[in-house]
$ cat model15.cif   # mmCIF, C-alpha atoms
data_data
loop_
_atom_site.label_atom_id
_atom_site.label_comp_id
_atom_site.auth_asym_id
_atom_site.auth_seq_id
_atom_site.Cartn_x
_atom_site.Cartn_y
_atom_site.Cartn_z
CA MET A 9 41.83 29.45 7.28
CA PRO A 10 38.19 28.88 8.28
CA ARG A 11 37.00 25.32 8.49
CA GLN A 12 35.46 24.26 5.18
CA VAL A 13 31.86 23.10 5.53
CA ASP A 14 30.52 20.76 2.87
CA HIS A 15 27.03 22.24 2.70
CA ASP A 16 25.86 19.98 -0.13
CA GLY A 17 27.08 16.94 1.74
CA ARG A 18 25.26 18.04 4.90
CA ARG A 19 22.04 18.73 3.02
CA ALA A 20 22.28 15.28 1.45
CA ALA A 21 22.95 13.61 4.81
CA ILE A 22 19.95 15.36 6.37
CA ALA A 23 17.63 14.40 3.50
CA GLU A 24 18.95 10.85 3.69
CA ALA A 25 18.17 10.72 7.41
CA VAL A 26 14.60 11.92 6.80
CA SER A 27 14.06 9.25 4.12
CA ALA A 28 15.57 6.52 6.29
CA ILE A 29 13.35 7.31 9.28
CA ALA A 30 10.24 7.67 7.10
CA ALA A 31 10.92 4.40 5.26
CA GLU A 32 11.45 2.51 8.51
CA ARG A 33 8.84 4.08 10.77
CA GLY A 34 6.70 6.55 8.82
CA PHE A 35 6.65 10.35 8.57
CA ALA A 36 5.05 10.76 11.99
CA GLU A 37 8.43 9.76 13.44
CA VAL A 38 10.32 12.36 11.41
CA THR A 39 11.18 15.11 13.90
CA ILE A 40 14.06 17.57 13.73
CA ARG A 41 15.51 15.88 16.82
CA ALA A 42 15.26 12.36 15.33
CA VAL A 43 16.74 13.52 12.02
CA ALA A 44 19.65 15.25 13.75
CA ALA A 45 20.38 12.11 15.78
CA ARG A 46 20.22 9.95 12.67
CA ALA A 47 22.49 12.29 10.67
CA GLY A 48 24.96 12.60 13.55
CA ALA A 49 24.36 16.35 13.76
CA SER A 50 22.96 18.84 16.25
CA THR A 51 19.39 20.09 15.89
CA SER A 52 20.74 23.57 15.13
CA ALA A 53 22.86 22.11 12.32
CA VAL A 54 19.61 20.75 10.85
CA THR A 55 17.63 23.98 11.29
CA HIS A 56 20.51 25.88 9.68
CA TYR A 57 19.39 24.40 6.35
CA VAL A 58 15.60 24.39 6.70
CA SER A 59 13.03 26.78 8.11
CA GLY A 60 11.27 24.04 10.04
CA ARG A 61 9.88 20.52 9.89
CA ASP A 62 7.69 21.15 6.82
CA GLU A 63 10.63 22.29 4.75
CA LEU A 64 12.73 19.43 6.10
CA VAL A 65 10.13 16.91 4.91
CA ARG A 66 9.44 18.68 1.61
CA THR A 67 13.12 18.84 0.68
CA ALA A 68 13.75 15.18 1.50
CA VAL A 69 10.65 13.84 -0.28
CA ARG A 70 11.34 15.97 -3.35
CA ARG A 71 14.95 14.80 -3.45
CA ALA A 72 13.96 11.12 -3.13
CA LEU A 73 11.25 11.39 -5.81
CA ASP A 74 13.62 13.33 -8.09
CA VAL A 75 16.06 10.43 -7.89
CA GLN A 76 13.30 8.04 -9.02
CA ARG A 77 12.26 10.45 -11.75
CA GLY A 78 15.85 10.72 -12.99
CA ARG A 79 16.20 6.95 -13.07
CA LEU A 80 12.92 6.52 -14.92
CA GLU A 81 13.93 9.17 -17.45
CA ALA A 82 17.23 7.37 -18.00
CA GLU A 83 15.44 4.01 -18.35
CA THR A 84 13.05 5.33 -21.02
CA HIS A 85 15.44 7.64 -22.89
CA GLY A 86 15.86 6.71 -26.54
CA ARG A 87 13.72 3.59 -26.30
CA GLU A 88 10.70 2.98 -28.50
CA PRO A 89 7.42 3.31 -26.56
CA GLY A 90 6.75 -0.40 -25.88
CA GLU A 91 10.33 -0.97 -24.70
CA ALA A 92 10.20 2.20 -22.62
CA LEU A 93 6.96 1.10 -20.89
CA ARG A 94 8.43 -2.33 -20.12
CA ALA A 95 11.48 -0.55 -18.70
CA VAL A 96 9.27 1.68 -16.51
CA VAL A 97 7.49 -1.33 -15.07
CA ARG A 98 10.67 -3.32 -14.56
CA TRP A 99 12.49 -0.44 -12.89
CA SER A 100 9.53 0.41 -10.64
CA VAL A 101 8.92 -3.16 -9.56
CA LEU A 102 12.32 -4.86 -9.74
CA GLY A 103 14.96 -2.13 -10.00
CA ALA A 104 14.04 0.51 -7.42
CA GLY A 105 14.65 -1.82 -4.48
CA GLU A 106 13.01 -2.52 -1.14
CA ARG A 107 14.14 0.70 0.54
CA ALA A 108 12.56 2.79 -2.24
CA HIS A 109 9.36 0.74 -1.97
CA ARG A 110 9.21 1.26 1.79
CA LEU A 111 9.69 4.99 1.32
CA TRP A 112 6.98 5.02 -1.36
CA LEU A 113 4.54 3.31 1.03
CA ALA A 114 5.47 5.83 3.75
CA ILE A 115 4.86 8.71 1.31
CA VAL A 116 1.45 7.32 0.31
CA VAL A 117 0.44 6.84 3.96
CA GLY A 118 2.01 10.16 5.04
CA ALA A 119 0.19 12.06 2.28
CA ARG A 120 -3.09 11.39 4.08
CA SER A 121 -2.13 13.50 7.09
CA GLU A 122 0.73 15.71 5.87
CA PRO A 123 -0.10 18.33 3.20
CA VAL A 124 3.61 18.77 2.42
CA VAL A 125 3.94 15.08 1.55
CA ARG A 126 0.64 15.20 -0.37
CA ALA A 127 1.90 18.10 -2.51
CA GLU A 128 5.13 16.30 -3.44
CA LEU A 129 3.28 13.05 -4.18
CA ASP A 130 0.78 14.92 -6.38
CA ALA A 131 3.58 16.61 -8.32
CA PHE A 132 5.28 13.26 -8.87
CA ASN A 133 2.01 11.64 -9.90
CA ARG A 134 1.35 14.38 -12.48
CA TRP A 135 4.77 13.75 -14.01
CA TRP A 136 4.31 9.95 -13.84
CA ASP A 137 0.86 10.11 -15.43
CA ALA A 138 2.13 12.33 -18.27
CA LEU A 139 5.04 9.92 -18.88
CA LEU A 140 2.76 6.87 -19.09
CA ARG A 141 0.18 8.67 -21.24
CA ARG A 142 2.82 9.90 -23.67
CA LEU A 143 4.31 6.42 -24.08
CA VAL A 144 0.96 4.60 -24.32
CA HIS A 145 -0.34 7.05 -26.95
CA ALA A 146 2.85 6.51 -28.97
CA LEU A 147 2.44 2.71 -29.06
CA ASP A 148 2.26 1.21 -32.53
CA PRO A 149 -0.32 -0.19 -33.09
CA ALA A 150 -2.18 2.34 -30.93
CA PRO A 151 -4.34 0.69 -28.24
CA ALA A 152 -8.11 1.02 -28.72
CA ASP A 153 -8.49 2.58 -25.25
CA PRO A 154 -5.19 4.20 -24.16
CA GLY A 155 -6.64 5.40 -20.85
CA SER A 156 -7.43 1.88 -19.75
CA VAL A 157 -3.90 0.71 -20.66
CA VAL A 158 -2.48 3.49 -18.46
CA ASP A 159 -4.83 2.48 -15.62
CA ALA A 160 -3.88 -1.20 -16.01
CA LEU A 161 -0.17 -0.30 -15.85
CA ASP A 162 -0.77 1.72 -12.67
CA VAL A 163 -2.64 -1.19 -11.09
CA VAL A 164 0.01 -3.74 -12.04
CA ILE A 165 2.90 -1.62 -10.74
CA SER A 166 1.16 -0.63 -7.49
CA GLY A 167 0.00 -4.20 -6.95
CA LEU A 168 3.47 -5.66 -7.37
CA VAL A 169 4.90 -3.14 -4.91
CA MET A 170 2.08 -3.72 -2.41
CA VAL A 171 2.10 -7.54 -2.38
CA ALA A 172 5.69 -7.42 -1.18
CA PHE A 173 4.46 -5.77 2.04
CA GLU A 174 1.43 -7.99 2.50
CA GLU A 175 3.13 -11.35 2.41
CA THR A 176 5.26 -12.86 5.15
CA GLU A 177 7.69 -14.28 2.63
CA PRO A 178 8.63 -11.68 0.01
CA TRP A 179 8.15 -12.93 -3.54
CA SER A 180 11.37 -13.99 -5.20
CA ARG A 181 12.69 -11.91 -8.08
CA ALA A 182 11.86 -14.75 -10.48
CA ARG A 183 8.28 -14.86 -9.22
CA ARG A 184 7.86 -11.09 -9.63
CA GLU A 185 9.38 -11.27 -13.12
CA ARG A 186 6.90 -13.99 -14.09
CA ALA A 187 4.02 -11.88 -12.74
CA VAL A 188 5.26 -8.78 -14.64
CA ASP A 189 5.45 -10.76 -17.88
CA ALA A 190 2.09 -12.45 -17.37
CA LEU A 191 0.32 -9.16 -16.64
CA LEU A 192 2.01 -7.10 -19.39
CA ALA A 193 1.53 -9.62 -22.22
CA PRO A 194 -2.26 -9.03 -22.51
CA LEU A 195 -1.56 -5.27 -22.69
CA GLY A 196 0.52 -5.94 -25.80
CA LEU A 197 3.75 -5.21 -23.93
CA MET B 214 -31.73 -5.45 40.46
CA PRO B 215 -28.08 -5.01 39.36
CA ARG B 216 -27.43 -2.89 36.31
CA GLN B 217 -27.24 -5.07 33.22
CA VAL B 218 -23.96 -4.73 31.34
CA ASP B 219 -23.98 -5.57 27.65
CA HIS B 220 -20.55 -7.21 27.53
CA ASP B 221 -20.79 -8.18 23.87
CA GLY B 222 -21.77 -4.66 22.94
CA ARG B 223 -18.86 -3.22 24.92
CA ARG B 224 -16.37 -5.62 23.36
CA ALA B 225 -17.68 -4.66 19.94
CA ALA B 226 -17.44 -0.94 20.71
CA ILE B 227 -13.85 -1.32 21.92
CA ALA B 228 -12.82 -3.32 18.84
CA GLU B 229 -14.57 -0.75 16.65
CA ALA B 230 -12.64 2.06 18.35
CA VAL B 231 -9.31 0.24 17.73
CA SER B 232 -10.16 -0.24 14.04
CA ALA B 233 -11.28 3.36 13.62
CA ILE B 234 -8.09 4.79 15.13
CA ALA B 235 -5.87 2.38 13.19
CA ALA B 236 -7.64 3.11 9.89
CA GLU B 237 -7.36 6.85 10.40
CA ARG B 238 -3.92 7.21 11.97
CA GLY B 239 -2.20 3.80 12.11
CA PHE B 240 -1.59 1.26 14.85
CA ALA B 241 1.12 3.37 16.51
CA GLU B 242 -1.72 5.66 17.67
CA VAL B 243 -3.72 2.80 19.19
CA THR B 244 -3.25 3.16 22.94
CA ILE B 245 -5.59 1.99 25.70
CA ARG B 246 -6.19 5.65 26.57
CA ALA B 247 -7.03 6.63 22.97
CA VAL B 248 -9.31 3.62 22.55
CA ALA B 249 -11.15 4.36 25.78
CA ALA B 250 -11.67 7.99 24.74
CA ARG B 251 -12.91 6.91 21.30
CA ALA B 252 -15.29 4.30 22.76
CA GLY B 253 -16.56 6.74 25.39
CA ALA B 254 -15.34 4.46 28.19
CA SER B 255 -12.80 4.61 31.01
CA THR B 256 -9.39 2.96 30.57
CA SER B 257 -10.34 0.46 33.29
CA ALA B 258 -13.49 -0.44 31.31
CA VAL B 259 -11.18 -1.28 28.39
CA THR B 260 -8.66 -3.26 30.46
CA HIS B 261 -11.57 -5.20 32.00
CA TYR B 262 -11.88 -7.02 28.66
CA VAL B 263 -8.25 -7.38 27.59
CA SER B 264 -5.00 -8.21 29.34
CA GLY B 265 -3.18 -5.31 27.71
CA ARG B 266 -2.49 -3.48 24.47
CA ASP B 267 -1.40 -6.59 22.54
CA GLU B 268 -4.64 -8.41 23.27
CA LEU B 269 -6.59 -5.24 22.51
CA VAL B 270 -4.99 -5.02 19.06
CA ARG B 271 -5.16 -8.78 18.37
CA THR B 272 -8.86 -8.98 19.20
CA ALA B 273 -9.77 -5.99 17.07
CA VAL B 274 -7.70 -7.04 14.03
CA ARG B 275 -9.02 -10.60 14.19
CA ARG B 276 -12.59 -9.36 14.44
CA ALA B 277 -12.17 -7.00 11.47
CA LEU B 278 -10.50 -9.66 9.31
CA ASP B 279 -13.14 -12.23 10.34
CA VAL B 280 -15.81 -9.87 9.03
CA GLN B 281 -14.01 -9.71 5.65
CA ARG B 282 -13.57 -13.48 5.65
CA GLY B 283 -17.26 -14.00 6.39
CA ARG B 284 -18.25 -11.67 3.57
CA LEU B 285 -15.87 -13.36 1.13
CA GLU B 286 -17.24 -16.79 2.11
CA ALA B 287 -20.78 -15.55 1.53
CA GLU B 288 -19.78 -14.03 -1.84
CA THR B 289 -18.24 -17.28 -3.08
CA HIS B 290 -20.71 -19.76 -1.55
CA GLY B 291 -22.49 -21.93 -4.12
CA ARG B 292 -20.90 -20.15 -7.09
CA GLU B 293 -18.94 -21.96 -9.78
CA PRO B 294 -15.18 -21.21 -9.56
CA GLY B 295 -14.96 -18.51 -12.26
CA GLU B 296 -17.98 -16.66 -10.86
CA ALA B 297 -16.63 -17.05 -7.32
CA LEU B 298 -13.23 -15.55 -8.30
CA ARG B 299 -14.89 -12.61 -10.00
CA ALA B 300 -16.97 -12.12 -6.84
CA VAL B 301 -13.82 -12.20 -4.67
CA VAL B 302 -12.17 -9.50 -6.79
CA ARG B 303 -15.29 -7.36 -6.99
CA TRP B 304 -15.95 -7.56 -3.24
CA SER B 305 -12.32 -6.85 -2.34
CA VAL B 306 -11.98 -3.90 -4.71
CA LEU B 307 -15.48 -2.44 -4.97
CA GLY B 308 -17.55 -3.90 -2.14
CA ALA B 309 -15.42 -3.69 0.99
CA GLY B 310 -15.38 0.10 1.03
CA GLU B 311 -12.86 2.82 1.77
CA ARG B 312 -12.81 2.33 5.53
CA ALA B 313 -11.93 -1.39 5.09
CA HIS B 314 -9.19 -0.42 2.60
CA ARG B 315 -7.74 2.12 5.01
CA LEU B 316 -7.73 -0.49 7.77
CA TRP B 317 -6.08 -3.00 5.42
CA LEU B 318 -3.30 -0.52 4.61
CA ALA B 319 -2.85 0.16 8.35
CA ILE B 320 -2.62 -3.60 9.01
CA VAL B 321 -0.01 -4.07 6.27
CA VAL B 322 2.05 -1.14 7.57
CA GLY B 323 1.51 -2.11 11.23
CA ALA B 324 2.58 -5.71 10.59
CA ARG B 325 6.12 -4.45 9.96
CA SER B 326 6.57 -3.30 13.55
CA GLU B 327 3.88 -5.15 15.55
CA PRO B 328 4.18 -8.95 15.81
CA VAL B 329 0.55 -9.21 16.96
CA VAL B 330 -0.65 -7.52 13.75
CA ARG B 331 1.79 -9.61 11.69
CA ALA B 332 0.38 -12.85 13.16
CA GLU B 333 -3.22 -11.90 12.35
CA LEU B 334 -2.28 -10.76 8.84
CA ASP B 335 -0.38 -14.02 8.23
CA ALA B 336 -3.35 -16.11 9.40
CA PHE B 337 -5.66 -14.17 7.09
CA ASN B 338 -3.23 -14.50 4.18
CA ARG B 339 -3.03 -18.28 4.64
CA TRP B 340 -6.81 -18.50 4.47
CA TRP B 341 -6.96 -16.10 1.49
CA ASP B 342 -4.26 -17.97 -0.39
CA ALA B 343 -6.01 -21.31 0.18
CA LEU B 344 -9.31 -19.83 -1.05
CA LEU B 345 -7.78 -18.47 -4.26
CA ARG B 346 -5.80 -21.64 -4.91
CA ARG B 347 -8.83 -23.86 -4.43
CA LEU B 348 -10.94 -21.77 -6.82
CA VAL B 349 -8.23 -21.38 -9.48
CA HIS B 350 -7.49 -25.11 -9.47
CA ALA B 351 -11.20 -25.81 -9.92
CA LEU B 352 -11.49 -23.60 -13.03
CA ASP B 353 -12.72 -25.37 -16.17
CA PRO B 354 -10.74 -25.36 -18.38
CA ALA B 355 -7.88 -25.56 -15.88
CA PRO B 356 -5.25 -22.83 -16.39
CA ALA B 357 -1.86 -24.01 -17.66
CA ASP B 358 -0.12 -22.39 -14.69
CA PRO B 359 -2.54 -22.02 -11.75
CA GLY B 360 0.13 -20.47 -9.50
CA SER B 361 0.65 -17.55 -11.85
CA VAL B 362 -3.12 -16.94 -12.08
CA VAL B 363 -3.25 -16.75 -8.26
CA ASP B 364 -0.30 -14.32 -8.27
CA ALA B 365 -1.91 -12.20 -10.97
CA LEU B 366 -5.16 -12.01 -8.97
CA ASP B 367 -3.20 -10.93 -5.88
CA VAL B 368 -1.42 -8.21 -7.87
CA VAL B 369 -4.63 -6.92 -9.46
CA ILE B 370 -6.52 -6.77 -6.15
CA SER B 371 -3.66 -5.18 -4.20
CA GLY B 372 -2.99 -2.74 -7.03
CA LEU B 373 -6.59 -1.58 -7.23
CA VAL B 374 -6.69 -1.02 -3.46
CA MET B 375 -3.33 0.79 -3.48
CA VAL B 376 -3.98 3.19 -6.39
CA ALA B 377 -6.89 4.63 -4.44
CA PHE B 378 -4.39 5.86 -1.82
CA GLU B 379 -1.79 7.06 -4.29
CA GLU B 380 -3.95 9.38 -6.36
CA THR B 381 -5.26 12.77 -5.29
CA GLU B 382 -8.60 12.13 -6.96
CA PRO B 383 -9.92 8.67 -6.09
CA TRP B 384 -10.89 6.63 -9.15
CA SER B 385 -14.60 6.55 -9.80
CA ARG B 386 -16.43 3.27 -9.34
CA ALA B 387 -16.92 3.03 -13.12
CA ARG B 388 -13.19 3.48 -13.71
CA ARG B 389 -12.32 0.77 -11.17
CA GLU B 390 -14.92 -1.54 -12.71
CA ARG B 391 -13.39 -1.02 -16.16
CA ALA B 392 -9.93 -1.77 -14.76
CA VAL B 393 -11.18 -4.93 -13.01
CA ASP B 394 -12.77 -6.17 -16.23
CA ALA B 395 -9.75 -5.30 -18.39
CA LEU B 396 -7.32 -7.06 -16.05
CA LEU B 397 -9.46 -10.15 -15.41
CA ALA B 398 -10.36 -10.85 -19.04
CA PRO B 399 -6.85 -12.07 -20.02
CA LEU B 400 -6.95 -14.43 -17.00
CA GLY B 401 -10.02 -16.06 -18.52
CA LEU B 402 -12.26 -14.53 -15.86
#

$ encode --input "model15.cif" --output "structure tokens"
Amino acid sequence: MPRQVDHDGRRAAIAEAVSAIAAERGFAEVTIRAVAARAGASTSAVTHYVSGRDELVRTAVRRALDVQRGRLEAETHGREPGEALRAVVRWSVLGAGERAHRLWLAIVVGARSEPVVRAELDAFNRWWDALLRRLVHALDPAPADPGSVVDALDVVISGLVMVAFEETEPWSRARRERAVDALLAPLGL
Amino acid sequence: MPRQVDHDGRRAAIAEAVSAIAAERGFAEVTIRAVAARAGASTSAVTHYVSGRDELVRTAVRRALDVQRGRLEAETHGREPGEALRAVVRWSVLGAGERAHRLWLAIVVGARSEPVVRAELDAFNRWWDALLRRLVHALDPAPADPGSVVDALDVVISGLVMVAFEETEPWSRARRERAVDALLAPLGL
């Protein structure tokens, strides 16, 4: 009987290795050789699944962002708009975790020099923007200027992710929760 | 007569080359060779002024952050606390410019792997934190929870810098101004 190869498992391990290297050291360090070493595979085992480095990066970034998208969809599902928006902010800032935040920063930085990363980030941003717009427009009472509520939410979420990288001492969970509450209250959330 | 060497000018050109490379491609790309090429100098002309790569990076980061500090001191000088805080936010978000924001992002990312960058960022953050605390505590009326106002200002400023990198289309100046105003108003600013 031929040896069974768990192709899905291998694809997942390769994508995981790409995300780990990118989160720790940035996309410039993501090479087929480095990914193979990280995944405990040969370079030919990696290239068996992808046509080259671009596809390697595209697949891994898409997979990682799809995980976030799935979580955000689960967090908002069946909730009324205000609750759903609070859940989006709380998941993005407090739930996703440090590894996801590091990968997000790597994606944002990588998008500047890698068109493949840029394309995946843009696709995610279009989905994200549509999600926030839909929820903000469904708020009751409706905000006077929905666009500026969406912008404020973007700023608050990005800011809370970014300050964690700027400071020597990461903010405690309690401190981030206080900041979330303080910044959302004036938005009526 | 011996040729006159403008040492200050050369130091400035070398620091400028470090900042330019870091802002465009990150600190990992800052090598003595790359800096010399960028500054139009030989590698020995670069090493004449610094003991090695660490001092090269330290000097350039300190110089760049000192420029920001000087500008922020000028923006706040002689203003009453509320006006001074608004000026800090407006300078950081709207005045400093894209190149300074790119360098800031590079410093934040670089601080994770380069202790020299980390030390300069920490020193700047201590100064920044003291500035914000002093101004927030001097507000009249005093906020009920000054610490959370400082945190909220940090989140708003970092968020407005970060969203510019996340989005495909950078926000217009008018859009960033609206977001600044909308987020500062609930803080009593």

$ interface_residues --input "model15.cif" --of "chain B" --to "chain A" --cutoff "8 Å" --atoms "all atoms listed in the file" --output "list in words"
Val321, Val322, Leu334, Asp335, Asn338, Ser361, Asp364, Ala365, Asp367, Val368, Val369, Ile370, Ser371, Gly372, Leu373, Met375, Val376, Phe378, Glu379, Glu380, Thr381, Arg391, Ala392, Ala395, Leu396 and Pro399 of chain B

$ write_last_selection --input "model15.cif" --atoms "C-alpha atoms" --output "tab-separated table (two decimals), in the frame of the given file"
chain	number	residue	atom	x	y	z
B	321	VAL	CA	-0.01	-4.07	6.27
B	322	VAL	CA	2.05	-1.14	7.57
B	334	LEU	CA	-2.28	-10.76	8.84
B	335	ASP	CA	-0.38	-14.02	8.23
B	338	ASN	CA	-3.23	-14.50	4.18
B	361	SER	CA	0.65	-17.55	-11.85
B	364	ASP	CA	-0.30	-14.32	-8.27
B	365	ALA	CA	-1.91	-12.20	-10.97
B	367	ASP	CA	-3.20	-10.93	-5.88
B	368	VAL	CA	-1.42	-8.21	-7.87
B	369	VAL	CA	-4.63	-6.92	-9.46
B	370	ILE	CA	-6.52	-6.77	-6.15
B	371	SER	CA	-3.66	-5.18	-4.20
B	372	GLY	CA	-2.99	-2.74	-7.03
B	373	LEU	CA	-6.59	-1.58	-7.23
B	375	MET	CA	-3.33	0.79	-3.48
B	376	VAL	CA	-3.98	3.19	-6.39
B	378	PHE	CA	-4.39	5.86	-1.82
B	379	GLU	CA	-1.79	7.06	-4.29
B	380	GLU	CA	-3.95	9.38	-6.36
B	381	THR	CA	-5.26	12.77	-5.29
B	391	ARG	CA	-13.39	-1.02	-16.16
B	392	ALA	CA	-9.93	-1.77	-14.76
B	395	ALA	CA	-9.75	-5.30	-18.39
B	396	LEU	CA	-7.32	-7.06	-16.05
B	399	PRO	CA	-6.85	-12.07	-20.02

$ atom_distance --input "model15.cif" --atom1 "atom CA of A:Ser100" --atom2 "atom CA of B:Pro383"
21.6 Å

$ atom_distance --input "model15.cif" --atom1 "atom CA of B:Val306" --atom2 "atom CA of A:Phe35"
27.0 Å

$ atom_distance --input "model15.cif" --atom1 "atom CA of B:Leu269" --atom2 "atom CA of A:Leu111"
28.6 Å

$ residues_around --input "model15.cif" --residues "B:Pro359" --least-positions-apart "6" --cutoff "10 Å" --atoms "all atoms listed in the file" --output "list in words"
Leu345, Arg346, Arg347, Leu348, Val349, His350, Ala351, Leu352 and Ala365 of chain B

$ axis_aligned_box --input "model15.cif" --around "stretch 99-116 of chain A" --padding-each-side "3 Å" --output "JSON"
{"center_x": 8.2, "center_y": 1.9, "center_z": -4.6, "size_x": 19.5, "size_y": 19.6, "size_z": 22.6}

$ decode --input "model15.cif" --residues "stretch 126-142 of chain A" --atoms "N, CA, C and O atoms" --output "compact mmCIF listing (two decimals), in the first residue's frame"
# COMPACT_ATOMS: atom_id res chain seq x y z
N ARG A 126 -0.13 43.08 -0.67
CA ARG A 126 -1.02 44.23 -0.88
C ARG A 126 -2.40 43.77 -1.35
O ARG A 126 -3.43 44.22 -0.84
N ALA A 127 -2.43 42.85 -2.32
CA ALA A 127 -3.70 42.39 -2.89
C ALA A 127 -4.55 41.69 -1.83
O ALA A 127 -5.76 41.89 -1.75
N GLU A 128 -3.92 40.86 -1.00
CA GLU A 128 -4.68 40.16 0.04
C GLU A 128 -5.16 41.14 1.11
O GLU A 128 -6.29 41.01 1.61
N LEU A 129 -4.32 42.09 1.47
CA LEU A 129 -4.72 43.11 2.46
C LEU A 129 -5.89 43.93 1.92
O LEU A 129 -6.86 44.20 2.64
N ASP A 130 -5.81 44.33 0.65
CA ASP A 130 -6.90 45.12 0.05
C ASP A 130 -8.21 44.34 0.05
O ASP A 130 -9.27 44.90 0.34
N ALA A 131 -8.14 43.05 -0.29
CA ALA A 131 -9.36 42.24 -0.31
C ALA A 131 -9.95 42.15 1.10
O ALA A 131 -11.16 42.28 1.30
N PHE A 132 -9.09 41.95 2.10
CA PHE A 132 -9.58 41.89 3.47
C PHE A 132 -10.19 43.23 3.87
O PHE A 132 -11.25 43.29 4.49
N ASN A 133 -9.51 44.31 3.53
CA ASN A 133 -10.00 45.64 3.89
C ASN A 133 -11.36 45.95 3.27
O ASN A 133 -12.20 46.60 3.90
N ARG A 134 -11.57 45.49 2.02
CA ARG A 134 -12.88 45.71 1.39
C ARG A 134 -13.96 44.99 2.17
O ARG A 134 -15.03 45.54 2.42
N TRP A 135 -13.67 43.75 2.57
CA TRP A 135 -14.64 42.98 3.36
C TRP A 135 -14.89 43.66 4.72
O TRP A 135 -16.02 43.84 5.16
N TRP A 136 -13.81 44.05 5.38
CA TRP A 136 -13.86 44.69 6.70
C TRP A 136 -14.68 45.98 6.65
O TRP A 136 -15.55 46.23 7.49
N ASP A 137 -14.40 46.79 5.63
CA ASP A 137 -15.08 48.07 5.47
C ASP A 137 -16.58 47.85 5.25
O ASP A 137 -17.41 48.56 5.84
N ALA A 138 -16.92 46.86 4.43
CA ALA A 138 -18.34 46.56 4.17
C ALA A 138 -19.02 46.09 5.46
O ALA A 138 -20.17 46.48 5.75
N LEU A 139 -18.33 45.27 6.24
CA LEU A 139 -18.88 44.79 7.52
C LEU A 139 -19.19 45.97 8.44
O LEU A 139 -20.30 46.09 8.97
N LEU A 140 -18.19 46.84 8.64
CA LEU A 140 -18.39 47.98 9.54
C LEU A 140 -19.49 48.91 9.03
O LEU A 140 -20.33 49.36 9.81
N ARG A 141 -19.48 49.19 7.73
CA ARG A 141 -20.50 50.08 7.17
C ARG A 141 -21.91 49.52 7.36
O ARG A 141 -22.82 50.23 7.75
N ARG A 142 -22.05 48.23 7.08
CA ARG A 142 -23.36 47.59 7.23
C ARG A 142 -23.85 47.71 8.67
O ARG A 142 -25.00 48.08 8.93
